[in-house]
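final.cif, holding mmCIF, C-alpha atoms:
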data_target
#
loop_
_atom_site.group_PDB
_atom_site.id
_atom_site.type_symbol
_atom_site.label_atom_id
_atom_site.label_comp_id
_atom_site.auth_asym_id
_atom_site.auth_seq_id
_atom_site.Cartn_x
_atom_site.Cartn_y
_atom_site.Cartn_z
ATOM 1 C CA MET B 218 9.657 -54.592 39.611
ATOM 2 C CA THR B 219 12.170 -52.327 37.925
ATOM 3 C CA ALA B 220 14.643 -50.070 39.662
ATOM 4 C CA SER B 221 12.742 -46.964 38.556
ATOM 5 C CA SER B 222 9.533 -48.344 40.077
ATOM 6 C CA ARG B 223 11.284 -48.941 43.373
ATOM 7 C CA TRP B 224 12.515 -45.352 43.415
ATOM 8 C CA ILE B 225 9.080 -43.981 42.593
ATOM 9 C CA TYR B 226 7.437 -46.075 45.311
ATOM 10 C CA ALA B 227 10.052 -45.128 47.880
ATOM 11 C CA VAL B 228 10.182 -41.408 47.144
ATOM 12 C CA THR B 229 6.428 -40.897 46.962
ATOM 13 C CA PHE B 230 5.832 -42.856 50.157
ATOM 14 C CA LEU B 231 8.589 -40.940 51.950
ATOM 15 C CA LEU B 232 7.061 -37.628 50.859
ATOM 16 C CA ALA B 233 3.636 -38.699 52.080
ATOM 17 C CA ALA B 234 5.064 -40.046 55.349
ATOM 18 C CA ALA B 235 7.051 -36.858 55.928
ATOM 19 C CA GLY B 236 3.831 -34.890 55.502
ATOM 20 C CA PHE B 237 2.236 -37.062 58.169
ATOM 21 C CA LEU B 238 5.121 -36.945 60.630
ATOM 22 C CA LEU B 239 5.566 -33.172 60.343
ATOM 23 C CA PRO B 240 1.904 -32.251 60.549
ATOM 24 C CA PHE B 241 2.021 -30.653 57.091
ATOM 25 C CA TRP B 242 -0.692 -32.242 54.975
ATOM 26 C CA PRO B 243 0.257 -30.570 51.644
ATOM 27 C CA LEU B 244 3.401 -32.705 51.599
ATOM 28 C CA THR B 245 1.237 -35.801 51.913
ATOM 29 C CA VAL B 246 -0.884 -34.540 49.026
ATOM 30 C CA VAL B 247 2.231 -34.018 46.881
ATOM 31 C CA GLY B 248 3.422 -37.561 47.562
ATOM 32 C CA ILE B 249 0.065 -39.109 46.692
ATOM 33 C CA VAL B 250 -0.417 -37.007 43.553
ATOM 34 C CA LEU B 251 3.103 -37.734 42.295
ATOM 35 C CA CYS B 252 2.509 -41.427 42.783
ATOM 36 C CA ALA B 253 -0.808 -41.346 40.928
ATOM 37 C CA LEU B 254 0.514 -39.181 38.100
ATOM 38 C CA SER B 255 3.504 -41.455 37.597
ATOM 39 C CA GLY B 256 1.113 -44.256 36.650
ATOM 40 C CA ARG B 257 1.058 -46.174 39.935
ATOM 41 C CA TRP B 258 -2.530 -45.282 40.784
ATOM 42 C CA LEU B 259 -3.239 -48.484 42.693
ATOM 43 C CA PHE B 260 -0.296 -47.859 45.025
ATOM 44 C CA ALA B 261 -1.433 -44.233 45.365
ATOM 45 C CA VAL B 262 -4.907 -45.354 46.424
ATOM 46 C CA ALA B 263 -3.446 -47.797 48.954
ATOM 47 C CA VAL B 264 -1.176 -45.135 50.456
ATOM 48 C CA ALA B 265 -4.042 -42.630 50.457
ATOM 49 C CA LEU B 266 -6.282 -45.065 52.334
ATOM 50 C CA LEU B 267 -3.503 -45.613 54.853
ATOM 51 C CA PHE B 268 -3.131 -41.892 55.476
ATOM 52 C CA ASP B 269 -6.885 -41.309 55.563
ATOM 53 C CA VAL B 270 -7.157 -43.824 58.366
ATOM 54 C CA ALA B 271 -4.129 -42.328 60.136
ATOM 55 C CA TRP B 272 -5.371 -38.709 59.935
ATOM 56 C CA GLY B 273 -8.952 -39.568 60.878
ATOM 57 C CA ALA B 274 -12.043 -37.698 59.750
ATOM 58 C CA PRO B 275 -11.378 -34.218 58.371
ATOM 59 C CA THR B 276 -12.768 -31.173 60.130
ATOM 60 C CA GLY B 277 -14.128 -27.916 58.819
ATOM 61 C CA ALA B 278 -15.482 -27.579 55.293
ATOM 62 C CA GLY B 279 -14.083 -30.969 54.231
ATOM 63 C CA HIS B 280 -16.036 -32.962 56.825
ATOM 64 C CA PHE B 281 -18.404 -34.312 54.160
ATOM 65 C CA LEU B 282 -15.488 -36.131 52.503
ATOM 66 C CA LEU B 283 -14.793 -39.226 54.549
ATOM 67 C CA PHE B 284 -11.657 -40.172 52.581
ATOM 68 C CA PRO B 285 -10.194 -37.001 51.034
ATOM 69 C CA PHE B 286 -6.729 -38.436 50.224
ATOM 70 C CA THR B 287 -8.307 -41.463 48.548
ATOM 71 C CA ALA B 288 -10.599 -39.231 46.496
ATOM 72 C CA LEU B 289 -7.567 -37.171 45.509
ATOM 73 C CA ALA B 290 -5.647 -40.297 44.471
ATOM 74 C CA LEU B 291 -8.563 -41.483 42.337
ATOM 75 C CA VAL B 292 -8.938 -38.052 40.693
ATOM 76 C CA ALA B 293 -5.191 -37.856 40.002
ATOM 77 C CA GLY B 294 -5.215 -41.375 38.557
ATOM 78 C CA LEU B 295 -8.160 -40.465 36.352
ATOM 79 C CA ALA B 296 -6.389 -37.265 35.265
ATOM 80 C CA ARG B 297 -3.343 -39.342 34.326
ATOM 81 C CA LEU B 298 -5.519 -41.712 32.322
ATOM 82 C CA ILE B 299 -7.370 -38.942 30.488
ATOM 83 C CA GLY B 300 -4.256 -36.807 30.050
ATOM 84 C CA GLY B 301 -2.302 -39.770 28.757
ATOM 85 C CA HIS B 302 -5.050 -40.559 26.299
ATOM 86 C CA TYR B 303 -5.309 -37.032 24.906
ATOM 87 C CA PHE B 304 -1.900 -35.463 25.431
ATOM 88 C CA LEU B 305 0.588 -38.319 25.574
ATOM 89 C CA ASP B 306 -0.619 -40.266 22.556
ATOM 90 C CA LYS B 307 2.248 -42.571 21.607
ATOM 91 C CA SER B 308 0.779 -43.778 18.350
ATOM 92 C CA PRO B 309 2.313 -42.286 15.216
ATOM 93 C CA GLN B 310 0.368 -39.693 13.282
ATOM 94 C CA GLU B 311 -1.399 -40.886 10.171
ATOM 95 C CA THR B 312 -0.277 -39.305 6.933
ATOM 96 C CA LEU B 313 -2.172 -38.890 3.718
#

Encoding of this model in structure tokens:
Amino acid sequence: MTASSRWIYAVTFLLAAAGFLLPFWPLTVVGIVLCALSGRWLFAVAVALLFDVAWGAPTGAGHFLLFPFTALALVAGLARLIGGHYFLDKSPQETL
């Protein structure tokens, strides 16, 4: 584990935990999305599952989603994968 990975894990978990402790769920969403978009999608899914269990079942219009943070982490991880494939192509361009 590199030093940058430790910082990413710590900062994203602290953001998500702060969103849980101050009942302000958008901060939890920011922490999970930042973690997934930084390439640590497995850690993002684990943290999202933890916070889904801690928050309980959602109410209102989102009641059909049993695990909304986990779904968000999977979508953000998929967006990182697709975006990295199309927009962050690290292979050199072919020349004629």

Centre, x/y/z edge lengths, axis-aligned box for range 242-247 of chain B with 8 Å per side, as AutoDock Vina command-line options:
--center_x 1.3 --center_y -33.2 --center_z 50.9 --size_x 20.3 --size_y 21.2 --size_z 24.1

_Using all atoms listed in the file for the distances, tell me which of B:Leu232, B:Ile249, B:Ile225, B:Leu239 is nearest to Val292 in chain B._
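Residue with the minimum atom-to-atom distance to Val292 in chain B: B:Ile249.
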
Skipping near chain neighbours, those fewer than 5 positions away, what residues fall within 10 Å of Leu231 in chain B using only C-alpha atoms, listed as a PDB file with C-alpha atoms, keeping the file's coordinate frame?
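Written output follows (selection-v6.pdb):
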ATOM      1  CA  ILE B 225       9.080 -43.981  42.593  1.00  0.00           C
ATOM      2  CA  TYR B 226       7.437 -46.075  45.311  1.00  0.00           C
ATOM      3  CA  GLY B 236       3.831 -34.890  55.502  1.00  0.00           C
ATOM      4  CA  PHE B 237       2.236 -37.062  58.169  1.00  0.00           C
ATOM      5  CA  LEU B 244       3.401 -32.705  51.599  1.00  0.00           C
ATOM      6  CA  THR B 245       1.237 -35.801  51.913  1.00  0.00           C
ATOM      7  CA  GLY B 248       3.422 -37.561  47.562  1.00  0.00           C
TER       8      GLY B 248
END

*Counting only C-alpha atoms, what is within 8 Å of Gly256 in chain B, bar same-chain residues fewer than 4 positions away, as a PyMOL selection string?*
chain B and resi 252+294+297

*What is the distance between CA of Ser221 in chain B and CA of Leu289 in chain B, in Å to one decimal?*
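Atom-to-atom, CA of Ser221 in chain B to CA of Leu289 in chain B, that is 23.6 Å.
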
*Using CA of Ala288 in chain B and CA of Thr219 in chain B as the two end points, give the distance in Å to one decimal.*
27.6 Å

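CA of Val250 in chain B is found 20.3 Å from CA of Ala220 in chain B.
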
*Could you write out as an MDAnalysis selection string the residues that the PyMOL selection byres ((chain B and resi 271) around 12) matches in the shown file?*
chainID B and resid 233:234 236:238 240 242 245 264:270 272:275 284 286

*For each of B:Thr229, B:Ala235, B:Ile299, B:Thr287, take the minimum atom-to-atom distance to Leu251 in chain B, counting only C-alpha atoms, then give the residue where this is smallest.*
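Result for the nearest residue to Leu251 in chain B: B:Thr229.
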
*Which of these residues is nearest to Phe230 in chain B, using all atoms listed in the file: B:Leu282, B:Leu298, B:Phe304, B:Val246?*
B:Val246

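The nearest approach to Arg257 in chain B among the residues B:Pro243, B:Gly277, B:Leu295, B:His302, with all atoms listed in the file taken into account, belongs to B:Leu295.
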
When you get a chance, write out N, CA and C atoms for range 253-284 of chain B, as an mmCIF file, in the coordinates of the input.
data_model
loop_
_atom_site.group_PDB
_atom_site.id
_atom_site.type_symbol
_atom_site.label_atom_id
_atom_site.label_comp_id
_atom_site.auth_asym_id
_atom_site.auth_seq_id
_atom_site.Cartn_x
_atom_site.Cartn_y
_atom_site.Cartn_z
ATOM 1 N N ALA B 253 0.288 -41.084 41.867
ATOM 2 C CA ALA B 253 -0.808 -41.346 40.928
ATOM 3 C C ALA B 253 -0.468 -40.864 39.521
ATOM 4 N N LEU B 254 0.179 -39.716 39.415
ATOM 5 C CA LEU B 254 0.514 -39.181 38.100
ATOM 6 C C LEU B 254 1.658 -39.934 37.432
ATOM 7 N N SER B 255 2.429 -40.669 38.201
ATOM 8 C CA SER B 255 3.504 -41.455 37.597
ATOM 9 C C SER B 255 2.991 -42.779 37.033
ATOM 10 N N GLY B 256 1.706 -43.056 37.213
ATOM 11 C CA GLY B 256 1.113 -44.256 36.650
ATOM 12 C C GLY B 256 0.900 -45.365 37.651
ATOM 13 N N ARG B 257 1.254 -45.163 38.884
ATOM 14 C CA ARG B 257 1.058 -46.174 39.935
ATOM 15 C C ARG B 257 -0.167 -45.805 40.759
ATOM 16 N N TRP B 258 -1.331 -45.766 40.118
ATOM 17 C CA TRP B 258 -2.530 -45.282 40.784
ATOM 18 C C TRP B 258 -3.016 -46.245 41.855
ATOM 19 N N LEU B 259 -2.799 -47.529 41.686
ATOM 20 C CA LEU B 259 -3.239 -48.484 42.693
ATOM 21 C C LEU B 259 -2.436 -48.325 43.987
ATOM 22 N N PHE B 260 -1.124 -48.112 43.852
ATOM 23 C CA PHE B 260 -0.296 -47.859 45.025
ATOM 24 C C PHE B 260 -0.682 -46.522 45.664
ATOM 25 N N ALA B 261 -1.011 -45.536 44.838
ATOM 26 C CA ALA B 261 -1.433 -44.233 45.365
ATOM 27 C C ALA B 261 -2.720 -44.358 46.168
ATOM 28 N N VAL B 262 -3.649 -45.157 45.689
ATOM 29 C CA VAL B 262 -4.907 -45.354 46.424
ATOM 30 C C VAL B 262 -4.647 -46.080 47.736
ATOM 31 N N ALA B 263 -3.765 -47.066 47.720
ATOM 32 C CA ALA B 263 -3.446 -47.797 48.954
ATOM 33 C C ALA B 263 -2.782 -46.877 49.982
ATOM 34 N N VAL B 264 -1.842 -46.074 49.539
ATOM 35 C CA VAL B 264 -1.176 -45.135 50.456
ATOM 36 C C VAL B 264 -2.171 -44.089 50.947
ATOM 37 N N ALA B 265 -3.039 -43.619 50.065
ATOM 38 C CA ALA B 265 -4.042 -42.630 50.457
ATOM 39 C C ALA B 265 -4.999 -43.189 51.498
ATOM 40 N N LEU B 266 -5.424 -44.438 51.319
ATOM 41 C CA LEU B 266 -6.282 -45.065 52.334
ATOM 42 C C LEU B 266 -5.570 -45.177 53.676
ATOM 43 N N LEU B 267 -4.296 -45.517 53.628
ATOM 44 C CA LEU B 267 -3.503 -45.613 54.853
ATOM 45 C C LEU B 267 -3.453 -44.272 55.581
ATOM 46 N N PHE B 268 -3.215 -43.207 54.839
ATOM 47 C CA PHE B 268 -3.131 -41.892 55.476
ATOM 48 C C PHE B 268 -4.488 -41.334 55.848
ATOM 49 N N ASP B 269 -5.540 -41.709 55.138
ATOM 50 C CA ASP B 269 -6.885 -41.309 55.563
ATOM 51 C C ASP B 269 -7.233 -41.919 56.910
ATOM 52 N N VAL B 270 -6.890 -43.176 57.081
ATOM 53 C CA VAL B 270 -7.157 -43.824 58.366
ATOM 54 C C VAL B 270 -6.284 -43.219 59.468
ATOM 55 N N ALA B 271 -5.039 -42.893 59.137
ATOM 56 C CA ALA B 271 -4.129 -42.328 60.136
ATOM 57 C C ALA B 271 -4.542 -40.918 60.553
ATOM 58 N N TRP B 272 -4.970 -40.079 59.608
ATOM 59 C CA TRP B 272 -5.371 -38.709 59.935
ATOM 60 C C TRP B 272 -6.730 -38.663 60.613
ATOM 61 N N GLY B 273 -7.607 -39.593 60.315
ATOM 62 C CA GLY B 273 -8.952 -39.568 60.878
ATOM 63 C C GLY B 273 -9.878 -38.742 60.016
ATOM 64 N N ALA B 274 -11.052 -38.466 60.511
ATOM 65 C CA ALA B 274 -12.043 -37.698 59.750
ATOM 66 C C ALA B 274 -11.622 -36.245 59.677
ATOM 67 N N PRO B 275 -11.750 -35.631 58.494
ATOM 68 C CA PRO B 275 -11.378 -34.218 58.371
ATOM 69 C C PRO B 275 -12.370 -33.315 59.099
ATOM 70 N N THR B 276 -11.910 -32.140 59.447
ATOM 71 C CA THR B 276 -12.768 -31.173 60.130
ATOM 72 C C THR B 276 -12.993 -29.979 59.211
ATOM 73 N N GLY B 277 -13.866 -29.125 59.601
ATOM 74 C CA GLY B 277 -14.128 -27.916 58.819
ATOM 75 C C GLY B 277 -14.985 -28.201 57.601
ATOM 76 N N ALA B 278 -14.667 -27.482 56.515
ATOM 77 C CA ALA B 278 -15.482 -27.579 55.293
ATOM 78 C C ALA B 278 -15.368 -28.949 54.629
ATOM 79 N N GLY B 279 -14.272 -29.665 54.864
ATOM 80 C CA GLY B 279 -14.083 -30.969 54.231
ATOM 81 C C GLY B 279 -14.671 -32.132 55.009
ATOM 82 N N HIS B 280 -15.509 -31.867 55.996
ATOM 83 C CA HIS B 280 -16.036 -32.962 56.825
ATOM 84 C C HIS B 280 -16.974 -33.894 56.060
ATOM 85 N N PHE B 281 -17.521 -33.437 54.941
ATOM 86 C CA PHE B 281 -18.404 -34.312 54.160
ATOM 87 C C PHE B 281 -17.615 -35.346 53.363
ATOM 88 N N LEU B 282 -16.337 -35.130 53.155
ATOM 89 C CA LEU B 282 -15.488 -36.131 52.503
ATOM 90 C C LEU B 282 -14.913 -37.051 53.567
ATOM 91 N N LEU B 283 -15.296 -38.303 53.540
ATOM 92 C CA LEU B 283 -14.793 -39.226 54.549
ATOM 93 C C LEU B 283 -13.364 -39.655 54.262
ATOM 94 N N PHE B 284 -12.988 -39.739 52.981
ATOM 95 C CA PHE B 284 -11.657 -40.172 52.581
ATOM 96 C C PHE B 284 -11.082 -39.184 51.560
#
